[in-house]
Amino acid sequence: ALASFAPWTSVHALLDCLDEAPATVYEATDMSPQNMDYDAANKMFIAHSGWYNDQLVHYYKFRIFAPGTYSGLIAPGSTAADVPLQKMYVVTTDGTLAGSVGNPVIQYHTADGNSYSDFMEIVFVDAPAGYAADSFKSEADVLDSGATLTESGIILNIPVVPTGSTLEHPHDKGTMAPIDPTIVWYRCQPITTYIFEVTDQSAADYFADTRTEDPNDFAFAIPVVNFATKGGGVRAIPLRHVNQFS
């Protein structure tokens, strides 16, 4: 019997699919700044305390944007223009996050080396006629469909993390913080991410349901900030989640 596919599915898109999700940098066997603070045995990112802008904060260490991590891209004197940025495709019926259909599709995974970035710009994809949620599961699906694409200018800090991983609660060590993951597609595989800073209030509102308690609680709310710069340069420090905790 002949298999049937959605009319926008191409042979190229099918060949782009992976049989399983690739391992993340946090699961590498060699010790590096990317995985040294990931508790692999318990699949948990450790909450750290520190000072930021004269206030006590707790934070998690994810991929560090530094010369050692991005050789040839990040160097002393780099600016925000040198920070890698990738696309996150959001299929929508009305050109906004409110009209989104299914889970987003990301362009790169940590397995893609220098092409990958925790920072992703939302690209709106006009839903084709008759589109069913999650029909697009890869960038190839999106591009081969011929759908209209619109760059939104909205940037998210949304690191790819190991499947099933959690975030440690900053005040109750060893337990989970009230933050749910966001599942996205990468080459036909479901991938786990966590949403942190965003550059637009509409994104903070859209992802607010990942905060499982009070999404407006200042301790865990999604911050709306400028794109990752500090003093005109790359924020090449392992500080990603900069919400303040009392």
# chains A, B, ... in the order shown; residues from 1 in each chain; ligands from 1
>>> closest_atom_pairs(of="stretch 199-226 of chain A", to="stretch 167-191 of chain A", cutoff="10 Å", atoms="only C-alpha atoms", output="JSON lines")
{"residue": "A:Phe207", "atom": "CA", "partner": "A:Thr182", "partner_atom": "CA", "distance": 8.4}
{"residue": "A:Ala208", "atom": "CA", "partner": "A:Ile179", "partner_atom": "CA", "distance": 9.6}
{"residue": "A:Asp209", "atom": "CA", "partner": "A:Asp180", "partner_atom": "CA", "distance": 8.2}
{"residue": "A:Thr210", "atom": "CA", "partner": "A:Asp180", "partner_atom": "CA", "distance": 4.7}
{"residue": "A:Arg211", "atom": "CA", "partner": "A:Ile179", "partner_atom": "CA", "distance": 4.8}
{"residue": "A:Thr212", "atom": "CA", "partner": "A:Pro178", "partner_atom": "CA", "distance": 5.3}
{"residue": "A:Glu213", "atom": "CA", "partner": "A:Pro178", "partner_atom": "CA", "distance": 6.3}
{"residue": "A:Asp214", "atom": "CA", "partner": "A:Pro178", "partner_atom": "CA", "distance": 9.0}
{"residue": "A:Pro215", "atom": "CA", "partner": "A:Ile179", "partner_atom": "CA", "distance": 9.4}
{"residue": "A:Ala219", "atom": "CA", "partner": "A:Pro170", "partner_atom": "CA", "distance": 9.9}
{"residue": "A:Phe220", "atom": "CA", "partner": "A:Ile179", "partner_atom": "CA", "distance": 7.7}
{"residue": "A:Ala221", "atom": "CA", "partner": "A:Ile179", "partner_atom": "CA", "distance": 9.4}
>>> write_last_selection(atoms="N, CA, C and O atoms", output="tab-separated table (two decimals), in the first residue's frame")
chain	number	residue	atom	x	y	z
A	207	PHE	N	4.06	32.08	27.05
A	207	PHE	CA	4.73	30.98	27.75
A	207	PHE	C	4.48	31.00	29.26
A	207	PHE	O	5.08	30.22	30.00
A	208	ALA	N	3.58	31.86	29.72
A	208	ALA	CA	3.34	32.00	31.16
A	208	ALA	C	2.85	30.70	31.80
A	208	ALA	O	3.09	30.46	32.99
A	209	ASP	N	2.20	29.83	31.00
A	209	ASP	CA	1.68	28.60	31.60
A	209	ASP	C	2.78	27.61	31.94
A	209	ASP	O	2.51	26.57	32.55
A	210	THR	N	4.04	27.91	31.57
A	210	THR	CA	5.14	27.05	32.00
A	210	THR	C	5.47	27.29	33.47
A	210	THR	O	6.18	26.49	34.07
A	211	ARG	N	4.98	28.39	34.01
A	211	ARG	CA	5.16	28.67	35.45
A	211	ARG	C	3.95	28.07	36.16
A	211	ARG	O	2.85	28.62	36.11
A	212	THR	N	4.16	26.94	36.82
A	212	THR	CA	3.06	26.11	37.28
A	212	THR	C	2.35	26.62	38.52
A	212	THR	O	1.29	26.11	38.87
A	213	GLU	N	2.94	27.59	39.18
A	213	GLU	CA	2.26	28.20	40.32
A	213	GLU	C	1.71	29.55	39.87
A	213	GLU	O	0.91	29.61	38.96
A	214	ASP	N	2.14	30.63	40.45
A	214	ASP	CA	1.67	31.95	40.03
A	214	ASP	C	2.62	32.49	38.96
A	214	ASP	O	3.77	32.80	39.25
A	215	PRO	N	2.16	32.61	37.69
A	215	PRO	CA	3.06	33.09	36.64
A	215	PRO	C	3.53	34.52	36.84
A	215	PRO	O	4.49	34.95	36.21
A	219	ALA	N	9.55	35.86	41.58
A	219	ALA	CA	10.65	34.92	41.72
A	219	ALA	C	10.81	34.01	40.50
A	219	ALA	O	11.91	33.58	40.18
A	220	PHE	N	9.70	33.73	39.81
A	220	PHE	CA	9.75	32.78	38.71
A	220	PHE	C	9.17	33.33	37.41
A	220	PHE	O	9.19	32.64	36.39
A	221	ALA	N	8.65	34.53	37.42
A	221	ALA	CA	8.05	35.10	36.20
A	221	ALA	C	9.08	35.20	35.08
A	221	ALA	O	10.28	35.32	35.32
>>> select_by_dssp(residues="stretch 76-154 of chain A", states="alpha helix (DSSP H)", output="VMD selection string")
chain A and resid 139 to 145
>>> write_last_selection(atoms="N, CA and C atoms", output="PDB file, in the first residue's frame")
ATOM      1  N   GLU A 139      12.728  21.867  10.198  1.00  0.00           N
ATOM      2  CA  GLU A 139      12.897  23.054   9.370  1.00  0.00           C
ATOM      3  C   GLU A 139      12.640  22.723   7.906  1.00  0.00           C
ATOM      4  N   ALA A 140      13.042  21.526   7.479  1.00  0.00           N
ATOM      5  CA  ALA A 140      12.813  21.129   6.088  1.00  0.00           C
ATOM      6  C   ALA A 140      11.321  21.086   5.770  1.00  0.00           C
ATOM      7  N   ASP A 141      10.510  20.591   6.724  1.00  0.00           N
ATOM      8  CA  ASP A 141       9.054  20.599   6.532  1.00  0.00           C
ATOM      9  C   ASP A 141       8.570  22.019   6.260  1.00  0.00           C
ATOM     10  N   VAL A 142       9.037  22.949   7.087  1.00  0.00           N
ATOM     11  CA  VAL A 142       8.586  24.340   6.988  1.00  0.00           C
ATOM     12  C   VAL A 142       9.007  24.951   5.654  1.00  0.00           C
ATOM     13  N   LEU A 143      10.280  24.830   5.314  1.00  0.00           N
ATOM     14  CA  LEU A 143      10.793  25.477   4.111  1.00  0.00           C
ATOM     15  C   LEU A 143      10.238  24.850   2.837  1.00  0.00           C
ATOM     16  N   ASP A 144      10.110  23.533   2.826  1.00  0.00           N
ATOM     17  CA  ASP A 144       9.619  22.855   1.629  1.00  0.00           C
ATOM     18  C   ASP A 144       8.127  23.063   1.405  1.00  0.00           C
ATOM     19  N   SER A 145       7.425  23.521   2.430  1.00  0.00           N
ATOM     20  CA  SER A 145       5.980  23.736   2.297  1.00  0.00           C
ATOM     21  C   SER A 145       5.662  24.950   1.434  1.00  0.00           C
TER      22      SER A 145
END
>>> select_by_dssp(residues="stretch 41-234 of chain A", states="strand (DSSP E)", output="PyMOL selection string")
chain A and resi 44-45+48-52+55-59+86-92+105-106+119-126+149-157+160-161+166-167+182-186+189-193+229-230+233-234
>>> closest_residue(among="A:Thr150, A:Asp82, A:Ala66, A:His58", to="A:Gly95", atoms="only C-alpha atoms")
A:Thr150
>>> closest_residue(among="A:Gln86, A:Thr110, A:Asn157, A:Thr24", to="A:Ala40", atoms="only C-alpha atoms")
A:Thr24
>>> decode(residues="stretch 57-68 of chain A", atoms="all heavy atoms", output="PDB file, in the first residue's frame")
ATOM      1  N   VAL A  57      20.523  36.910  43.555  1.00  0.00           N
ATOM      2  CA  VAL A  57      19.750  36.161  42.558  1.00  0.00           C
ATOM      3  C   VAL A  57      20.107  34.680  42.648  1.00  0.00           C
ATOM      4  O   VAL A  57      21.107  34.298  43.264  1.00  0.00           O
ATOM      5  CB  VAL A  57      20.037  36.648  41.116  1.00  0.00           C
ATOM      6  CG1 VAL A  57      19.690  38.119  40.960  1.00  0.00           C
ATOM      7  CG2 VAL A  57      21.485  36.378  40.726  1.00  0.00           C
ATOM      8  N   HIS A  58      19.262  33.865  42.049  1.00  0.00           N
ATOM      9  CA  HIS A  58      19.579  32.465  41.820  1.00  0.00           C
ATOM     10  C   HIS A  58      19.554  32.239  40.316  1.00  0.00           C
ATOM     11  O   HIS A  58      18.777  32.874  39.614  1.00  0.00           O
ATOM     12  CB  HIS A  58      18.582  31.553  42.526  1.00  0.00           C
ATOM     13  CG  HIS A  58      18.739  31.544  44.010  1.00  0.00           C
ATOM     14  ND1 HIS A  58      18.199  32.518  44.808  1.00  0.00           N
ATOM     15  CD2 HIS A  58      19.381  30.683  44.839  1.00  0.00           C
ATOM     16  CE1 HIS A  58      18.496  32.267  46.081  1.00  0.00           C
ATOM     17  NE2 HIS A  58      19.221  31.156  46.119  1.00  0.00           N
ATOM     18  N   TYR A  59      20.390  31.340  39.851  1.00  0.00           N
ATOM     19  CA  TYR A  59      20.486  31.154  38.405  1.00  0.00           C
ATOM     20  C   TYR A  59      20.908  29.723  38.087  1.00  0.00           C
ATOM     21  O   TYR A  59      21.373  28.972  38.954  1.00  0.00           O
ATOM     22  CB  TYR A  59      21.481  32.147  37.791  1.00  0.00           C
ATOM     23  CG  TYR A  59      22.891  32.035  38.311  1.00  0.00           C
ATOM     24  CD1 TYR A  59      23.833  31.238  37.674  1.00  0.00           C
ATOM     25  CD2 TYR A  59      23.285  32.732  39.454  1.00  0.00           C
ATOM     26  CE1 TYR A  59      25.124  31.129  38.149  1.00  0.00           C
ATOM     27  CE2 TYR A  59      24.580  32.635  39.945  1.00  0.00           C
ATOM     28  CZ  TYR A  59      25.495  31.831  39.294  1.00  0.00           C
ATOM     29  OH  TYR A  59      26.782  31.718  39.773  1.00  0.00           O
ATOM     30  N   TYR A  60      20.754  29.369  36.816  1.00  0.00           N
ATOM     31  CA  TYR A  60      21.181  28.077  36.295  1.00  0.00           C
ATOM     32  C   TYR A  60      22.241  28.310  35.223  1.00  0.00           C
ATOM     33  O   TYR A  60      22.183  29.292  34.499  1.00  0.00           O
ATOM     34  CB  TYR A  60      19.995  27.315  35.682  1.00  0.00           C
ATOM     35  CG  TYR A  60      18.828  27.169  36.614  1.00  0.00           C
ATOM     36  CD1 TYR A  60      17.723  28.022  36.514  1.00  0.00           C
ATOM     37  CD2 TYR A  60      18.832  26.215  37.607  1.00  0.00           C
ATOM     38  CE1 TYR A  60      16.651  27.908  37.385  1.00  0.00           C
ATOM     39  CE2 TYR A  60      17.761  26.086  38.480  1.00  0.00           C
ATOM     40  CZ  TYR A  60      16.677  26.931  38.369  1.00  0.00           C
ATOM     41  OH  TYR A  60      15.625  26.825  39.232  1.00  0.00           O
ATOM     42  N   LYS A  61      23.199  27.397  35.128  1.00  0.00           N
ATOM     43  CA  LYS A  61      24.244  27.508  34.126  1.00  0.00           C
ATOM     44  C   LYS A  61      23.879  26.671  32.898  1.00  0.00           C
ATOM     45  O   LYS A  61      23.719  25.453  32.994  1.00  0.00           O
ATOM     46  CB  LYS A  61      25.586  27.044  34.685  1.00  0.00           C
ATOM     47  CG  LYS A  61      26.156  27.952  35.766  1.00  0.00           C
ATOM     48  CD  LYS A  61      27.523  27.451  36.222  1.00  0.00           C
ATOM     49  CE  LYS A  61      28.094  28.339  37.320  1.00  0.00           C
ATOM     50  NZ  LYS A  61      29.421  27.845  37.774  1.00  0.00           N
ATOM     51  N   PHE A  62      23.782  27.341  31.769  1.00  0.00           N
ATOM     52  CA  PHE A  62      23.541  26.650  30.509  1.00  0.00           C
ATOM     53  C   PHE A  62      24.742  26.881  29.594  1.00  0.00           C
ATOM     54  O   PHE A  62      25.856  27.044  30.062  1.00  0.00           O
ATOM     55  CB  PHE A  62      22.216  27.122  29.896  1.00  0.00           C
ATOM     56  CG  PHE A  62      21.024  26.738  30.724  1.00  0.00           C
ATOM     57  CD1 PHE A  62      20.330  27.682  31.463  1.00  0.00           C
ATOM     58  CD2 PHE A  62      20.607  25.414  30.803  1.00  0.00           C
ATOM     59  CE1 PHE A  62      19.245  27.321  32.246  1.00  0.00           C
ATOM     60  CE2 PHE A  62      19.522  25.036  31.581  1.00  0.00           C
ATOM     61  CZ  PHE A  62      18.845  25.997  32.307  1.00  0.00           C
ATOM     62  N   ARG A  63      24.533  26.908  28.306  1.00  0.00           N
ATOM     63  CA  ARG A  63      25.649  27.045  27.374  1.00  0.00           C
ATOM     64  C   ARG A  63      26.271  28.437  27.516  1.00  0.00           C
ATOM     65  O   ARG A  63      25.562  29.440  27.491  1.00  0.00           O
ATOM     66  CB  ARG A  63      25.168  26.814  25.944  1.00  0.00           C
ATOM     67  CG  ARG A  63      26.287  26.579  24.950  1.00  0.00           C
ATOM     68  CD  ARG A  63      25.732  25.886  23.711  1.00  0.00           C
ATOM     69  NE  ARG A  63      26.703  25.746  22.656  1.00  0.00           N
ATOM     70  CZ  ARG A  63      27.661  24.824  22.624  1.00  0.00           C
ATOM     71  NH1 ARG A  63      27.778  23.977  23.621  1.00  0.00           N
ATOM     72  NH2 ARG A  63      28.502  24.752  21.617  1.00  0.00           N
ATOM     73  N   ILE A  64      27.583  28.483  27.657  1.00  0.00           N
ATOM     74  CA  ILE A  64      28.291  29.730  27.902  1.00  0.00           C
ATOM     75  C   ILE A  64      28.793  30.303  26.584  1.00  0.00           C
ATOM     76  O   ILE A  64      29.453  29.608  25.808  1.00  0.00           O
ATOM     77  CB  ILE A  64      29.469  29.506  28.867  1.00  0.00           C
ATOM     78  CG1 ILE A  64      28.949  28.985  30.213  1.00  0.00           C
ATOM     79  CG2 ILE A  64      30.263  30.784  29.054  1.00  0.00           C
ATOM     80  CD1 ILE A  64      30.042  28.538  31.156  1.00  0.00           C
ATOM     81  N   PHE A  65      28.467  31.555  26.322  1.00  0.00           N
ATOM     82  CA  PHE A  65      28.896  32.208  25.087  1.00  0.00           C
ATOM     83  C   PHE A  65      30.257  32.856  25.324  1.00  0.00           C
ATOM     84  O   PHE A  65      30.352  34.003  25.733  1.00  0.00           O
ATOM     85  CB  PHE A  65      27.843  33.218  24.632  1.00  0.00           C
ATOM     86  CG  PHE A  65      26.581  32.546  24.187  1.00  0.00           C
ATOM     87  CD1 PHE A  65      25.592  32.227  25.097  1.00  0.00           C
ATOM     88  CD2 PHE A  65      26.405  32.180  22.858  1.00  0.00           C
ATOM     89  CE1 PHE A  65      24.444  31.575  24.696  1.00  0.00           C
ATOM     90  CE2 PHE A  65      25.264  31.530  22.451  1.00  0.00           C
ATOM     91  CZ  PHE A  65      24.278  31.217  23.367  1.00  0.00           C
ATOM     92  N   ALA A  66      31.293  32.052  25.079  1.00  0.00           N
ATOM     93  CA  ALA A  66      32.663  32.471  25.348  1.00  0.00           C
ATOM     94  C   ALA A  66      33.576  31.904  24.256  1.00  0.00           C
ATOM     95  O   ALA A  66      33.178  30.994  23.525  1.00  0.00           O
ATOM     96  CB  ALA A  66      33.094  31.968  26.730  1.00  0.00           C
ATOM     97  N   PRO A  67      34.814  32.429  24.128  1.00  0.00           N
ATOM     98  CA  PRO A  67      35.717  31.936  23.081  1.00  0.00           C
ATOM     99  C   PRO A  67      35.925  30.430  23.114  1.00  0.00           C
ATOM    100  O   PRO A  67      36.033  29.785  22.069  1.00  0.00           O
ATOM    101  CB  PRO A  67      37.017  32.692  23.359  1.00  0.00           C
ATOM    102  CG  PRO A  67      36.574  33.971  24.002  1.00  0.00           C
ATOM    103  CD  PRO A  67      35.387  33.586  24.848  1.00  0.00           C
ATOM    104  N   GLY A  68      35.975  29.842  24.314  1.00  0.00           N
ATOM    105  CA  GLY A  68      36.195  28.405  24.405  1.00  0.00           C
ATOM    106  C   GLY A  68      35.031  27.575  23.902  1.00  0.00           C
ATOM    107  O   GLY A  68      35.204  26.428  23.495  1.00  0.00           O
TER     108      GLY A  68
END
